[in-house]
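Raw upload_19.txt, compact mmCIF, C-alpha atoms and all ligand atoms:
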# COMPACT_ATOMS: atom_id res chain seq x y z
CA MET A 1 -7.26 0.50 -16.31
CA GLU A 2 -6.35 -2.42 -18.50
CA LEU A 3 -2.75 -2.46 -17.26
CA LYS A 4 -3.98 -2.51 -13.67
CA ARG A 5 -6.34 -5.37 -14.48
CA ASN A 6 -3.57 -7.38 -16.17
CA VAL A 7 -1.18 -7.18 -13.21
CA GLY A 8 -3.99 -7.72 -10.71
CA TYR A 9 -5.06 -10.89 -12.49
CA ALA A 10 -1.46 -12.08 -12.91
CA ALA A 11 -0.82 -11.72 -9.17
CA ALA A 12 -3.99 -13.67 -8.33
CA LYS A 13 -2.57 -16.62 -10.27
CA LEU A 14 0.45 -16.73 -7.92
CA VAL A 15 -1.70 -17.56 -4.90
CA GLU A 16 -1.73 -21.25 -3.98
CA ASP A 17 -4.37 -23.41 -2.39
CA GLY A 18 -4.17 -23.15 1.41
CA ASN A 19 -2.45 -19.74 1.38
CA ILE A 20 -3.16 -16.98 3.87
CA VAL A 21 -3.14 -13.85 1.72
CA GLY A 22 -2.56 -10.21 2.61
CA LEU A 23 -5.13 -8.18 0.69
CA GLY A 24 -3.85 -4.78 -0.43
CA THR A 25 -5.80 -1.58 -0.97
CA GLY A 26 -6.44 0.53 -4.07
CA SER A 27 -7.66 0.47 -7.64
CA THR A 28 -5.06 -2.09 -8.80
CA THR A 29 -5.64 -4.58 -5.99
CA LEU A 30 -9.33 -4.36 -6.76
CA TYR A 31 -8.62 -6.54 -9.83
CA PHE A 32 -6.47 -8.87 -7.78
CA LEU A 33 -9.36 -9.40 -5.36
CA GLU A 34 -11.80 -9.90 -8.21
CA LYS A 35 -9.68 -12.64 -9.80
CA LEU A 36 -8.79 -14.26 -6.49
CA GLY A 37 -12.48 -14.49 -5.58
CA LYS A 38 -13.21 -16.09 -8.93
CA ARG A 39 -10.42 -18.65 -8.48
CA ILE A 40 -11.71 -19.55 -5.01
CA ILE A 41 -15.09 -20.41 -6.49
CA ASP A 42 -13.95 -22.01 -9.77
CA GLU A 43 -11.08 -24.05 -8.31
CA GLU A 44 -12.63 -24.60 -4.86
CA LEU A 45 -9.53 -23.18 -3.19
CA GLU A 46 -9.20 -22.88 0.56
CA ILE A 47 -7.79 -19.42 1.01
CA LEU A 48 -8.10 -16.87 3.78
CA GLY A 49 -7.46 -13.17 3.33
CA ILE A 50 -6.14 -10.58 5.76
CA PRO A 51 -7.37 -7.13 4.66
CA THR A 52 -5.24 -3.99 4.85
CA SER A 53 -8.21 -1.60 5.05
CA TYR A 54 -11.97 -1.40 5.37
CA GLN A 55 -11.98 -1.05 1.60
CA SER A 56 -10.23 -4.38 1.06
CA PHE A 57 -12.31 -5.98 3.82
CA LEU A 58 -15.53 -5.03 2.02
CA LEU A 59 -14.15 -6.02 -1.39
CA ALA A 60 -13.05 -9.37 0.02
CA LYS A 61 -16.59 -9.96 1.26
CA GLU A 62 -18.04 -8.87 -2.08
CA ASN A 63 -15.76 -11.26 -3.97
CA GLY A 64 -16.33 -14.24 -1.69
CA ILE A 65 -12.89 -14.24 -0.07
CA PRO A 66 -13.14 -15.38 3.57
CA VAL A 67 -11.17 -13.18 5.93
CA THR A 68 -9.16 -13.74 9.08
CA THR A 69 -6.82 -11.68 11.27
CA LEU A 70 -3.12 -11.39 12.03
CA GLU A 71 -3.90 -12.63 15.53
CA GLU A 72 -4.96 -15.98 14.13
CA HIS A 73 -2.72 -16.55 11.12
CA SER A 74 0.65 -15.79 9.58
CA ILE A 75 0.69 -14.51 6.01
CA ASP A 76 2.12 -16.56 3.13
CA ILE A 77 1.77 -13.95 0.42
CA ALA A 78 0.63 -10.33 0.33
CA VAL A 79 -0.29 -8.43 -2.82
CA ASP A 80 -0.57 -4.65 -2.80
CA GLY A 81 -0.34 -1.61 -5.06
CA ALA A 82 2.05 1.33 -4.76
CA ASP A 83 2.30 4.98 -5.70
CA GLU A 84 6.00 4.82 -6.57
CA VAL A 85 8.52 1.99 -6.98
CA ASP A 86 12.23 2.75 -7.26
CA SER A 87 14.96 0.72 -8.93
CA ARG A 88 15.69 -1.10 -5.65
CA LEU A 89 11.99 -1.95 -5.17
CA ASN A 90 11.51 0.56 -2.35
CA LEU A 91 8.06 2.10 -2.34
CA ILE A 92 5.95 5.08 -1.54
CA LYS A 93 2.46 3.97 -0.53
CA GLY A 94 -0.52 5.58 1.15
CA GLY A 95 -2.25 7.33 -1.74
CA GLY A 96 -5.35 5.66 -0.35
CA ALA A 97 -4.46 6.59 3.26
CA ALA A 98 -4.16 2.90 4.19
CA HIS A 99 -0.37 2.65 4.51
CA THR A 100 -0.25 1.92 8.25
CA MET A 101 -2.16 -1.34 8.05
CA GLU A 102 -0.62 -2.06 4.65
CA LYS A 103 2.87 -1.84 6.16
CA ILE A 104 1.89 -4.15 9.01
CA VAL A 105 0.37 -6.76 6.70
CA ASP A 106 2.83 -6.47 3.79
CA SER A 107 5.91 -6.71 6.03
CA ALA A 108 4.48 -9.68 7.88
CA ALA A 109 4.14 -11.71 4.68
CA ASP A 110 6.62 -14.42 3.69
CA LYS A 111 6.37 -13.01 0.17
CA PHE A 112 5.30 -9.47 -0.68
CA ILE A 113 4.32 -8.79 -4.28
CA VAL A 114 3.66 -5.28 -5.58
CA ILE A 115 1.41 -4.68 -8.57
CA VAL A 116 1.67 -1.45 -10.56
CA ASP A 117 1.38 -0.04 -14.04
CA ASP A 118 4.58 1.34 -15.56
CA SER A 119 3.73 4.97 -14.68
CA LYS A 120 4.66 4.16 -11.06
CA VAL A 121 8.24 3.05 -11.73
CA VAL A 122 10.87 5.71 -11.00
CA ASP A 123 14.67 5.86 -10.61
CA LYS A 124 14.45 7.65 -7.28
CA LEU A 125 11.49 8.11 -4.90
CA GLY A 126 10.10 11.56 -4.22
CA ALA A 127 7.94 12.90 -7.04
CA PHE A 128 4.98 11.54 -5.07
CA PRO A 129 4.60 13.16 -1.61
CA VAL A 130 5.16 10.85 1.37
CA PRO A 131 1.86 10.21 3.20
CA VAL A 132 2.28 10.47 6.96
CA GLU A 133 -0.54 9.30 9.21
CA VAL A 134 -0.72 11.48 12.33
CA ILE A 135 -2.70 11.69 15.52
CA PRO A 136 -5.02 14.68 14.82
CA GLN A 137 -3.81 16.69 17.83
CA ALA A 138 -0.24 16.51 16.53
CA CYS A 139 -1.01 17.92 13.11
CA ARG A 140 0.72 21.29 13.54
CA THR A 141 3.72 20.02 15.48
CA VAL A 142 4.37 17.22 12.99
CA SER A 143 4.01 19.69 10.10
CA ASP A 144 6.58 21.99 11.73
CA HIS A 145 8.90 19.06 12.32
CA VAL A 146 8.91 17.74 8.76
CA LYS A 147 9.86 21.19 7.48
CA GLN A 148 13.18 20.72 9.31
CA PHE A 149 13.86 17.77 6.95
CA GLY A 150 13.13 19.97 3.95
CA GLY A 151 9.61 18.60 3.53
CA VAL A 152 6.60 20.64 2.48
CA PRO A 153 3.57 19.38 4.42
CA ALA A 154 -0.06 19.51 3.29
CA LEU A 155 -2.96 18.15 5.29
CA ARG A 156 -4.93 15.81 3.04
CA MET A 157 -8.45 17.08 2.64
CA GLY A 158 -11.46 14.84 2.19
CA GLN A 159 -14.71 14.84 0.32
CA ARG A 160 -16.56 16.63 3.09
CA LYS A 161 -16.22 20.36 2.52
CA GLY A 162 -13.40 21.77 4.62
CA GLY A 163 -12.80 18.46 6.38
CA PRO A 164 -9.65 16.34 6.42
CA VAL A 165 -9.37 12.74 5.25
CA ILE A 166 -9.87 10.42 8.22
CA THR A 167 -7.96 7.13 8.10
CA ASP A 168 -9.35 3.72 9.09
CA ASN A 169 -7.60 4.33 12.43
CA GLY A 170 -9.33 7.68 13.03
CA ASN A 171 -6.28 9.81 12.22
CA PHE A 172 -5.28 12.52 9.71
CA VAL A 173 -2.83 12.25 6.80
CA ILE A 174 -0.18 14.85 6.05
CA ASP A 175 1.33 14.53 2.57
CA VAL A 176 4.95 15.64 2.68
CA LYS A 177 6.65 16.64 -0.54
CA PHE A 178 10.42 16.35 -0.64
CA GLU A 179 12.59 17.73 -3.41
CA SER A 180 14.14 14.28 -3.75
CA ILE A 181 14.60 11.35 -1.41
CA GLU A 182 18.28 10.38 -1.37
CA ASP A 183 18.09 7.93 1.52
CA PRO A 184 14.63 6.34 1.89
CA ALA A 185 15.70 4.06 4.77
CA TYR A 186 16.86 7.05 6.83
CA LEU A 187 13.81 9.17 6.04
CA GLU A 188 11.41 6.34 6.84
CA LYS A 189 12.94 5.96 10.30
CA GLU A 190 13.28 9.68 11.00
CA LEU A 191 9.66 10.45 10.12
CA ASN A 192 8.47 7.74 12.46
CA TYR A 193 10.51 9.22 15.34
CA ILE A 194 8.42 12.42 15.31
CA PRO A 195 5.97 12.40 18.23
CA GLY A 196 2.43 12.03 16.90
CA VAL A 197 3.40 10.15 13.74
CA VAL A 198 1.67 6.79 13.50
CA GLU A 199 3.34 5.58 10.29
CA ASN A 200 4.69 6.94 7.04
CA GLY A 201 4.33 5.64 3.49
CA ILE A 202 7.97 4.81 2.72
CA PHE A 203 8.38 1.04 2.45
CA PHE A 204 12.13 0.33 2.49
CA GLY A 205 13.39 -3.20 1.82
CA VAL A 206 10.07 -4.97 2.16
CA THR A 207 9.27 -5.88 -1.45
CA ASP A 208 10.10 -9.30 -2.89
CA GLU A 209 8.77 -8.83 -6.40
CA VAL A 210 7.08 -6.15 -8.48
CA LEU A 211 4.78 -6.98 -11.38
CA VAL A 212 4.78 -4.04 -13.76
CA GLY A 213 2.05 -3.76 -16.37
CA SER A 214 2.87 -1.98 -19.61
CA SER A 215 1.57 -1.95 -23.17
CA GLU A 216 4.22 -4.59 -23.94
CA GLY A 217 3.01 -6.99 -21.26
CA ILE A 218 3.95 -7.78 -17.67
CA LYS A 219 7.51 -7.47 -16.42
CA SER A 220 8.74 -8.94 -13.15
CA LEU A 221 11.28 -6.96 -11.10
CA LYS A 222 13.09 -8.79 -8.30
C1 LIG B 1 -3.30 2.81 -0.53
C2 LIG B 1 -2.11 2.49 -1.34
C3 LIG B 1 -2.32 2.02 -2.72
O1 LIG B 1 -1.82 0.74 -2.84
C4 LIG B 1 -1.62 2.95 -3.66
O2 LIG B 1 -2.12 4.26 -3.45
C5 LIG B 1 -1.83 2.56 -5.12
O3 LIG B 1 -3.17 2.68 -5.45
P1 LIG B 1 -3.73 2.43 -6.90
O4 LIG B 1 -3.57 0.97 -7.19
O5 LIG B 1 -5.18 2.86 -6.81
O6 LIG B 1 -2.96 3.29 -7.87
O7 LIG B 1 -0.98 2.60 -0.90
O8 LIG B 1 -2.95 3.36 0.70
Rewrite the structure of this file - the entire thing - as structure tokens.
Amino acid sequence: MELKRNVGYAAAKLVEDGNIVGLGTGSTTLYFLEKLGKRIIDEELEILGIPTSYQSFLLAKENGIPVTTLEEHSIDIAVDGADEVDSRLNLIKGGGAAHTMEKIVDSAADKFIVIVDDSKVVDKLGAFPVPVEVIPQACRTVSDHVKQFGGVPALRMGQRKGGPVITDNGNFVIDVKFESIEDPAYLEKELNYIPGVVENGIFFGVTDEVLVGSSEGIKSLK
């Protein structure tokens, strides 16, 4: 928890007065939003946030961060968490089922900063299953399809007994485990070609900088 707080707070210090900020989702960005809200009040900053989920929308409100939309503004800087980061700064995201909007917001930013603790850094992506948001009616056909790529699909179940997780967009999430991901750029594209797939959680070539929290401090990967 402390490592997540440290990177979250460090990222909040990178935001400048007047910035439009993409607001990521998850337990690490929670600290980013907390610190950003505090800076807005203490330093009287004029900042607008663009949330990546209902969670970050509500947390923005709670922390006094005014929000806007992609329709109205372009994004200067986005800060988001990740489930895995490889040595080339490619990501797996979507552990919180918010990867569709996260990909839209994070890739639209002039600068995209990822905040993680050191447990998320890997040589090669793939230990974490790839979250795939699907139109509910396409659940079986998408599952069959990903098996052809060597993936093992599992419908993500929610807190309601027997019910699936429902995304902010009203869809399901299939978590697809691959033995290893040799070519993330290829897999990201191929998964999105499957009819019924809305978006998958591989983020290839989008990241500008990763702040990694460890017991030794914060390291920047670029
Ligand atoms: C949500 C995400 C999160 O950013 C990712 O799951 C990391 O979350 P956390 O900071 O809680 O470990 O992609 O869809």
Practice prompt. Could you give me, as a ChimeraX atom specification, every polymer residue with an atom at most 7 Å away from an atom of ligand LIG 1 (chain B), counting only C-alpha atoms and all ligand atoms?
Written response: /A:24-29,80-83,93-99,116
*asked:* List the spatial neighbours of range 192-200 of chain A as a ChimeraX atom specification - criterion: any atom at most 9 Å away, only C-alpha atoms, same-chain residues fewer than 2 positions off excluded.
replied: /A:92-94,99-100,103,130-139,141-142,145-146,171,187-190,202-203
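The spacing separating CA of Gly205 in chain A from CA of Thr69 in chain A amounts to 23.9 Å.
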Query raised in the report: Just how far from CA of Phe112 in chain A is CA of Val206 in chain A, in Å to one decimal?
Result: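 Atom-to-atom, CA of Val206 in chain A and CA of Phe112 in chain A are spaced 7.1 Å apart.
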Please define a box with edges along x, y and z of the file around all atoms of range 9-12 of chain A given in the file, extend it by 3 Å on each side, and return its centre and edge lengths in Å to one decimal, as JSON.
{"center_x": -2.9, "center_y": -12.3, "center_z": -10.6, "size_x": 10.2, "size_y": 8.8, "size_z": 10.6}
inquiry  = When you look at Asn63 in chain A with a cut-off of 7 Å (counting all atoms listed in the file), what residues show up, excluding the ones that are within fewer than 3 positions of it in the same chain? I need them as a list of chain:residue names.
reply    =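 Near neighbours after the sequence-gap exclusion: A:Leu33, A:Glu34, A:Gly37, A:Leu59, A:Ala60.
Remark: for Val105 in chain A, the closest of the candidate residues A:Leu91, A:Leu125, A:Ile20, A:Ile174 is A:Ile20 (distances computed over all atoms listed in the file).
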For this session: Would you mind listing what lies within 7 Å of Val122 in chain A as a list in words, with only C-alpha atoms counted and same-chain residues fewer than 6 positions away left out?
Result: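 Answer for this query is Glu84, Val85, Asp86 and Ser87 of chain A.
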Shortest interatomic distance to Leu70 in chain A - which of A:Ile113, A:Ile41, A:Leu23, A:Leu89, counting only C-alpha atoms:
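Smallest distance to Leu70 in chain A is found for A:Leu23.
One distance worth recording is that between CA of Leu48 in chain A and CA of Leu221 in chain A, which is 26.4 Å.
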Residue with the minimum atom-to-atom distance to Asp208 in chain A, picked from A:Lys35, A:Arg156, A:Asn90, A:Phe178 with all atoms listed in the file counted, is A:Asn90
Shortest contact to Phe149 in chain A, candidates A:Glu182, A:Asp118, A:Asp76, A:Glu2, atoms counted all atoms listed in the file, goes to A:Glu182
**Message:** Taking all atoms listed in the file into account, name the residue in A:Leu36, A:Val21, A:Leu211, A:Val67 that is nearest to Asp106 in chain A.
**Reply:**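 The answer is A:Val21, which sits nearest to Asp106 in chain A.
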